[in-house]
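This is final10.csv. It holds CSV, C-alpha atoms and all ligand atoms.
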chain,number,residue,atom,x,y,z
Q,2,MET,CA,84.6,128.2,88.8
Q,3,LEU,CA,88.3,128.0,89.2
Q,4,ASN,CA,89.8,124.6,88.6
Q,5,ILE,CA,92.6,124.0,91.0
Q,6,ALA,CA,95.1,121.1,90.7
Q,7,LEU,CA,96.5,119.9,94.0
Q,8,PRO,CA,99.2,117.4,94.8
Q,9,LYS,CA,98.4,114.1,96.5
Q,10,GLY,CA,100.5,112.9,99.4
Q,11,ARG,CA,102.7,114.7,101.9
Q,12,LEU,CA,102.5,118.2,100.4
Q,13,GLY,CA,98.7,117.7,99.7
Q,14,GLU,CA,97.9,117.4,103.4
Q,15,LYS,CA,99.5,120.8,104.1
Q,16,VAL,CA,97.8,122.3,101.1
Q,17,HIS,CA,94.5,121.0,102.3
Q,18,GLY,CA,95.1,122.6,105.7
Q,19,LEU,CA,95.8,125.9,104.1
Q,20,LEU,CA,92.7,125.8,101.9
Q,21,SER,CA,90.5,124.8,104.8
Q,22,SER,CA,91.8,127.7,106.9
Q,23,VAL,CA,90.7,130.2,104.2
Q,24,GLY,CA,87.4,128.6,103.4
Q,25,TYR,CA,88.4,127.1,100.1
Q,26,ALA,CA,88.4,123.5,101.0
Q,27,ALA,CA,85.9,121.1,99.3
Q,28,GLY,CA,84.7,117.8,100.7
Q,29,ASP,CA,87.1,116.1,103.1
Q,30,LEU,CA,90.3,115.9,101.1
Q,31,SER,CA,92.1,114.3,104.0
Q,32,ASP,CA,89.7,111.3,103.9
Q,33,MET,CA,89.2,111.2,100.2
Q,34,GLY,CA,89.0,107.5,99.4
Q,35,ARG,CA,89.2,107.2,95.6
Q,36,LYS,CA,87.3,110.4,94.8
Q,37,LEU,CA,89.4,112.8,92.8
Q,38,VAL,CA,87.2,115.9,92.3
Q,39,PHE,CA,85.7,118.1,95.0
Q,40,GLU,CA,83.6,121.2,94.5
Q,41,ASN,CA,83.0,124.2,96.7
Q,42,GLU,CA,80.3,126.2,95.0
Q,43,GLU,CA,80.3,128.9,97.5
Q,44,ALA,CA,84.0,129.6,97.1
Q,45,GLY,CA,83.7,129.0,93.3
Q,46,VAL,CA,86.4,126.3,93.2
Q,47,ARG,CA,86.7,122.8,91.9
Q,48,LEU,CA,89.6,121.0,93.4
Q,49,PHE,CA,91.2,117.9,92.0
Q,50,LEU,CA,94.0,115.7,93.3
Q,51,VAL,CA,96.8,114.5,91.0
Q,52,LYS,CA,100.3,113.1,91.4
Q,53,PRO,CA,102.6,116.0,92.4
Q,54,SER,CA,104.5,115.7,89.2
Q,55,ASP,CA,101.3,116.0,87.2
Q,56,VAL,CA,100.0,119.3,88.8
Q,57,ALA,CA,102.0,121.5,86.4
Q,58,ILE,CA,101.0,119.5,83.4
Q,59,TYR,CA,97.3,120.1,84.2
Q,60,VAL,CA,98.0,123.8,84.7
Q,61,GLU,CA,100.2,124.2,81.6
Q,62,HIS,CA,97.5,122.7,79.4
Q,63,GLY,CA,94.7,124.7,81.0
Q,64,ALA,CA,92.8,121.7,82.4
Q,65,ALA,CA,93.5,123.5,85.7
Q,66,ASN,CA,93.5,127.2,86.0
Q,67,ILE,CA,95.9,127.2,88.9
Q,68,GLY,CA,97.7,124.6,91.0
Q,69,ILE,CA,100.0,124.1,94.0
Q,70,VAL,CA,103.3,122.3,93.3
Q,71,GLY,CA,106.8,122.0,94.8
Q,72,LYS,CA,109.6,124.1,93.4
Q,73,ASP,CA,111.5,120.9,92.8
Q,74,ILE,CA,109.0,119.9,90.1
Q,75,LEU,CA,109.0,123.3,88.5
Q,76,GLU,CA,112.8,123.3,88.3
Q,77,GLU,CA,112.8,119.8,86.9
Q,78,ASP,CA,110.1,120.2,84.3
Q,79,ARG,CA,110.2,123.9,83.7
Q,80,PRO,CA,106.6,124.1,82.6
Q,81,ASP,CA,105.3,127.2,80.7
Q,82,VAL,CA,103.2,128.6,83.6
Q,83,TYR,CA,103.3,131.6,85.9
Q,84,GLU,CA,104.6,131.2,89.3
Q,85,LEU,CA,102.5,133.5,91.5
Q,86,LEU,CA,103.5,132.9,95.1
Q,87,ASP,CA,105.9,131.1,97.4
Q,88,LEU,CA,103.7,129.5,100.0
Q,89,GLY,CA,106.6,129.0,102.4
Q,90,PHE,CA,105.7,125.5,103.4
Q,91,GLY,CA,106.7,122.1,102.1
Q,92,LYS,CA,110.2,123.3,102.7
Q,93,CYS,CA,113.1,121.1,101.9
Q,94,ARG,CA,116.4,121.2,100.0
Q,95,MET,CA,117.6,119.8,96.7
Q,96,CYS,CA,121.0,118.3,97.5
Q,97,VAL,CA,123.9,116.3,96.3
Q,98,ALA,CA,124.3,113.5,98.8
Q,99,GLY,CA,126.6,110.5,99.1
Q,100,PRO,CA,128.7,108.4,101.5
Q,101,LYS,CA,130.0,110.5,104.4
Q,102,GLY,CA,133.3,112.0,103.5
Q,103,PHE,CA,133.0,111.4,99.8
Q,104,ALA,CA,135.4,113.6,97.9
Q,105,ASP,CA,135.2,113.9,94.1
Q,106,ASP,CA,138.7,113.6,92.7
Q,107,GLY,CA,137.4,115.0,89.4
Q,108,CYS,CA,138.6,112.0,87.4
Q,109,GLY,CA,136.5,109.8,85.2
Q,110,THR,CA,132.8,110.0,85.0
Q,111,LEU,CA,130.8,110.6,88.2
Q,112,ARG,CA,127.7,108.3,88.4
Q,113,VAL,CA,124.7,110.2,89.8
Q,114,ALA,CA,121.3,108.6,90.6
Q,115,THR,CA,118.2,110.8,90.7
Q,116,LYS,CA,114.6,111.4,90.0
Q,117,PHE,CA,115.6,115.0,89.0
Q,118,THR,CA,117.7,114.3,85.9
Q,119,ASN,CA,117.3,117.8,84.4
Q,120,VAL,CA,118.3,119.5,87.7
Q,121,ALA,CA,121.2,117.2,88.1
Q,122,ALA,CA,122.4,117.6,84.5
Q,123,ARG,CA,122.2,121.4,84.7
Q,124,TYR,CA,124.0,121.4,88.0
Q,125,TYR,CA,126.9,119.3,86.8
Q,126,ALA,CA,127.0,121.1,83.5
Q,127,SER,CA,127.4,124.4,85.5
Q,128,LEU,CA,130.5,122.8,87.1
Q,129,GLY,CA,131.8,121.4,83.9
Q,130,ARG,CA,131.9,118.0,85.5
Q,131,GLU,CA,131.3,114.9,83.3
Q,132,VAL,CA,128.5,112.8,84.8
Q,133,ASP,CA,126.5,109.7,84.0
Q,134,ILE,CA,123.0,110.5,85.2
Q,135,ILE,CA,121.0,107.4,86.2
Q,136,LYS,CA,117.2,108.0,86.3
Q,137,LEU,CA,115.4,106.3,89.3
Q,138,ASN,CA,111.8,106.7,90.4
Q,139,GLY,CA,112.1,106.3,94.2
Q,140,SER,CA,114.3,105.1,97.1
Q,141,ILE,CA,117.2,107.0,95.5
Q,142,GLU,CA,119.3,106.5,98.6
Q,143,LEU,CA,119.7,102.8,97.7
Q,144,ALA,CA,121.8,103.6,94.6
Q,145,PRO,CA,125.1,104.5,96.3
Q,146,LEU,CA,124.6,101.7,98.9
Q,147,LEU,CA,124.4,99.1,96.2
Q,148,GLY,CA,127.1,100.6,94.0
Q,149,LEU,CA,124.7,101.7,91.3
Q,150,SER,CA,125.9,105.3,91.6
Q,151,ASP,CA,128.6,107.3,93.4
Q,152,LEU,CA,126.2,110.0,94.5
Q,153,ILE,CA,122.6,111.1,94.4
Q,154,VAL,CA,120.7,114.3,93.7
Q,155,ASP,CA,117.5,114.3,95.8
Q,156,ILE,CA,115.2,116.1,98.1
Q,157,VAL,CA,116.2,116.3,101.8
Q,158,GLU,CA,113.6,117.3,104.3
Q,159,THR,CA,114.4,116.1,107.8
Q,160,GLY,CA,117.6,114.3,106.7
Q,161,SER,CA,116.6,111.1,108.4
Q,162,THR,CA,116.6,108.9,105.3
Q,163,LEU,CA,120.2,109.9,104.6
Q,164,ARG,CA,121.2,109.4,108.2
Q,165,GLU,CA,119.6,106.0,108.5
Q,166,ASN,CA,121.5,104.9,105.4
Q,167,ASN,CA,124.9,106.4,106.4
Q,168,LEU,CA,124.8,109.1,103.8
Q,169,ALA,CA,125.3,112.8,104.1
Q,170,VAL,CA,124.5,116.0,102.3
Q,171,LEU,CA,127.6,117.1,100.3
Q,172,THR,CA,126.2,120.2,98.6
Q,173,GLU,CA,122.9,122.1,98.7
Q,174,ILE,CA,121.8,122.9,95.1
Q,175,MET,CA,118.7,124.9,96.0
Q,176,PRO,CA,116.0,125.5,98.6
Q,177,ILE,CA,112.5,124.1,97.8
Q,178,SER,CA,109.0,125.1,98.9
Q,179,ALA,CA,105.4,124.9,97.6
Q,180,ARG,CA,104.4,127.4,94.9
Q,181,LEU,CA,101.1,128.7,93.6
Q,182,ILE,CA,101.1,128.5,89.8
Q,183,ALA,CA,98.7,129.7,87.1
Q,184,ASN,CA,97.9,128.8,83.5
Q,185,LYS,CA,99.1,131.8,81.4
Q,186,VAL,CA,95.8,132.2,79.5
Q,187,SER,CA,93.7,131.8,82.6
Q,188,PHE,CA,95.8,134.4,84.3
Q,189,GLN,CA,94.7,136.9,81.6
Q,190,PHE,CA,91.0,136.0,81.4
Q,191,GLN,CA,90.4,135.1,85.1
Q,192,ARG,CA,92.8,137.6,86.5
Q,193,GLU,CA,90.4,138.9,89.1
Q,194,GLU,CA,89.4,135.5,90.6
Q,195,ILE,CA,93.0,134.3,90.5
Q,196,GLY,CA,94.3,137.5,91.9
Q,197,ARG,CA,91.8,137.4,94.8
Q,198,LEU,CA,92.8,133.8,95.7
Q,199,ARG,CA,96.5,134.7,95.5
Q,200,GLU,CA,95.9,137.6,97.9
Q,201,ILE,CA,94.0,135.4,100.3
Q,202,LEU,CA,96.7,132.7,100.3
Q,203,ALA,CA,99.5,135.3,100.6
Q,204,GLU,CA,97.8,136.7,103.7
Q,205,ALA,CA,97.2,133.3,105.2
Q,206,VAL,CA,100.9,132.3,104.8
Q,207,GLY,CA,102.2,135.7,105.7
Q,208,ALA,CA,103.7,136.4,102.3
Q,209,LYS,CA,103.5,139.6,100.2
B,301,LIG,C1,111.7,111.8,99.5
B,301,LIG,C2,113.1,111.9,99.1
B,301,LIG,C3,113.9,111.3,100.1
B,301,LIG,C4,113.1,111.6,101.4
B,301,LIG,C5,113.7,112.7,102.1
B,301,LIG,O1,111.3,110.5,99.2
B,301,LIG,O2,113.3,111.3,97.8
B,301,LIG,O3,114.0,109.9,99.9
B,301,LIG,O4,111.8,111.9,101.0
B,301,LIG,O5,113.0,113.0,103.3
B,301,LIG,P1,113.8,113.1,104.7
B,301,LIG,O6,115.0,114.0,104.6
B,301,LIG,O7,112.8,113.7,105.7
B,301,LIG,O8,114.2,111.7,105.1
B,301,LIG,P2,109.8,110.1,99.3
B,301,LIG,O9,109.3,109.9,100.7
B,301,LIG,O10,108.9,111.1,98.5
B,301,LIG,O11,109.7,108.7,98.6
B,301,LIG,P3,110.6,108.0,97.4
B,301,LIG,O12,111.9,107.5,98.0
B,301,LIG,O13,109.7,106.9,96.9
B,301,LIG,O14,110.9,109.1,96.4
Can you give me the file's structure in the form of structure tokens?
Amino acid sequence: MLNIALPKGRLGEKVHGLLSSVGYAAGDLSDMGRKLVFENEEAGVRLFLVKPSDVAIYVEHGAANIGIVGKDILEEDRPDVYELLDLGFGKCRMCVAGPKGFADDGCGTLRVATKFTNVAARYYASLGREVDIIKLNGSIELAPLLGLSDLIVDIVETGSTLRENNLAVLTEIMPISARLIANKVSFQFQREEIGRLREILAEAVGAK
């Protein structure tokens, strides 16, 4: 059995669609109630649903052999796992955003609110810009509106949250999409099973 960690929520629904299309779904993940583990004996997989930010933790520690997770989380947490495939969906952008027309004069310390503190710190370090990073856990767009920060670093998908709050993308830091990841030891010892699933998924999403 391959243990597969999947993200709950927005990305989870797309992942479920993909796994269903290749016969790897288990139970009805879209109507899961509070059940967290689903088995598909025929396909030889056990799926479990965790918070998106926990997927890579399960995989890194070997509790899951493989997982599907957003590149944003891989960039933020840099877990010690193999990244096997870009699934090409769950596409969005990691951006610096702020009030329309905001121009950094380079003076003083820039206050940046974000869930992605490591990504933001690395980005501003690469620019040599002094910043005060403020860690938030959600509704990041509120921070500049209430004067908690000058700017934000966040995920932008459709851009509607920014637009509705009179904010705009100032810089794109990196493109994001869903990735298939594997535990390093599992990849050695279950290479065949993991490789087969990788090939099936690659074919389904039209990747190589
Ligand atoms: C994410 C992100 C933005 C929003 C972007 O938040 O942090 O707020 O989605 O999407 P859009 O460009 O399509 O508007 P999420 O919905 O995950 O909730 P959160 O604010 O609690 O982090």
At most 6 Å from ligand LIG 301 (chain B) (all atoms listed in the file): residue list as a list in words: Gly139, Ser140, Ile141, Asp155, Ile156, Val157, Glu158, Thr159, Gly160, Ser161 and Thr162 of chain Q
Can you spit out the residues from that selection as an mmCIF file, in the coordinates of the input, using C-alpha atoms?
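Listing of result_37.cif after writing:
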data_model
loop_
_atom_site.group_PDB
_atom_site.id
_atom_site.type_symbol
_atom_site.label_atom_id
_atom_site.label_comp_id
_atom_site.auth_asym_id
_atom_site.auth_seq_id
_atom_site.Cartn_x
_atom_site.Cartn_y
_atom_site.Cartn_z
ATOM 1 C CA GLY Q 139 112.100 106.300 94.200
ATOM 2 C CA SER Q 140 114.300 105.100 97.100
ATOM 3 C CA ILE Q 141 117.200 107.000 95.500
ATOM 4 C CA ASP Q 155 117.500 114.300 95.800
ATOM 5 C CA ILE Q 156 115.200 116.100 98.100
ATOM 6 C CA VAL Q 157 116.200 116.300 101.800
ATOM 7 C CA GLU Q 158 113.600 117.300 104.300
ATOM 8 C CA THR Q 159 114.400 116.100 107.800
ATOM 9 C CA GLY Q 160 117.600 114.300 106.700
ATOM 10 C CA SER Q 161 116.600 111.100 108.400
ATOM 11 C CA THR Q 162 116.600 108.900 105.300
#
Option closest in space to Leu171 (chain Q), from Q:Glu142, Q:Glu193, Q:Asp105, Q:Glu131 [counting all atoms listed in the file]: Q:Asp105
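The nearest approach to Arg47 (chain Q) among the residues Q:Val70, Q:Leu88, Q:Leu128, Q:Leu3, with all atoms listed in the file taken into account, belongs to Q:Leu3.
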Residue nearest His62 (chain Q) among Q:Val97, Q:Ala179, Q:Ala6, Q:Cys108 (counting only C-alpha atoms): Q:Ala6
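If you measure from each of Q:Leu7, Q:Ala27, Q:Leu48, Q:Leu168 to Phe103 (chain Q) using all atoms listed in the file, the closest one turns out to be Q:Leu168.
Going from CA of Tyr59 (chain Q) over to CA of Ile5 (chain Q), you cover 9.1 Å.
CA of Lys185 (chain Q) to CA of Asp78 (chain Q) spans 16.2 Å [interatomic distance, one decimal].
The spacing separating CA of Leu85 (chain Q) from CA of Asn4 (chain Q) amounts to 15.8 Å.
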Counting only C-alpha atoms, the option among Q:Glu165, Q:Glu40, Q:Glu77, Q:Asp151 closest to Ala98 (chain Q): Q:Asp151
So that I can see what lies close to Ala205 (chain Q), please list as a PDB file with C-alpha atoms, in the coordinates of the input the residues with an atom at most 9 Å from it, counting only C-alpha atoms and leaving out residues fewer than 3 positions away in the same chain.
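Saved to around_35.pdb:
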ATOM      1  CA  LEU Q  19      95.800 125.900 104.100  1.00  0.00           C
ATOM      2  CA  SER Q  22      91.800 127.700 106.900  1.00  0.00           C
ATOM      3  CA  VAL Q  23      90.700 130.200 104.200  1.00  0.00           C
ATOM      4  CA  GLU Q 200      95.900 137.600  97.900  1.00  0.00           C
ATOM      5  CA  ILE Q 201      94.000 135.400 100.300  1.00  0.00           C
ATOM      6  CA  LEU Q 202      96.700 132.700 100.300  1.00  0.00           C
ATOM      7  CA  ALA Q 208     103.700 136.400 102.300  1.00  0.00           C
TER       8      ALA Q 208
END
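Distances to Asn41 (chain Q) were evaluated for Q:Ser150, Q:Ala26, Q:Gly71, Q:Arg94 using only C-alpha atoms, and the minimum falls at Q:Ala26.
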Near-Leu75 (chain Q) list (10 Å; all atoms listed in the file; drop same-chain fewer than 5 positions) as a PyMOL selection string: chain Q and resi 54+56-57+70+80-82+84+177+179-180+182
Residue neighbourhood Val16 (chain Q), 8 Å, only C-alpha atoms, exclusion window fewer than 4 positions, as a list in words: Leu7, Leu12, Leu20 and Ile69 of chain Q
Give as a tab-separated table (two decimals) with C-alpha atoms, in the coordinates of the input the set of residues within 9 Å of the point (96.3, 118.3, 97.5), where distances use the file's coordinates and all atoms listed in the file.
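Below you can see result_10.tsv, which holds the result:
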chain	number	residue	atom	x	y	z
Q	6	ALA	CA	95.10	121.10	90.70
Q	7	LEU	CA	96.50	119.90	94.00
Q	8	PRO	CA	99.20	117.40	94.80
Q	9	LYS	CA	98.40	114.10	96.50
Q	10	GLY	CA	100.50	112.90	99.40
Q	11	ARG	CA	102.70	114.70	101.90
Q	12	LEU	CA	102.50	118.20	100.40
Q	13	GLY	CA	98.70	117.70	99.70
Q	14	GLU	CA	97.90	117.40	103.40
Q	15	LYS	CA	99.50	120.80	104.10
Q	16	VAL	CA	97.80	122.30	101.10
Q	17	HIS	CA	94.50	121.00	102.30
Q	30	LEU	CA	90.30	115.90	101.10
Q	31	SER	CA	92.10	114.30	104.00
Q	48	LEU	CA	89.60	121.00	93.40
Q	49	PHE	CA	91.20	117.90	92.00
Q	50	LEU	CA	94.00	115.70	93.30
Q	51	VAL	CA	96.80	114.50	91.00
Q	52	LYS	CA	100.30	113.10	91.40
Q	53	PRO	CA	102.60	116.00	92.40
Q	69	ILE	CA	100.00	124.10	94.00
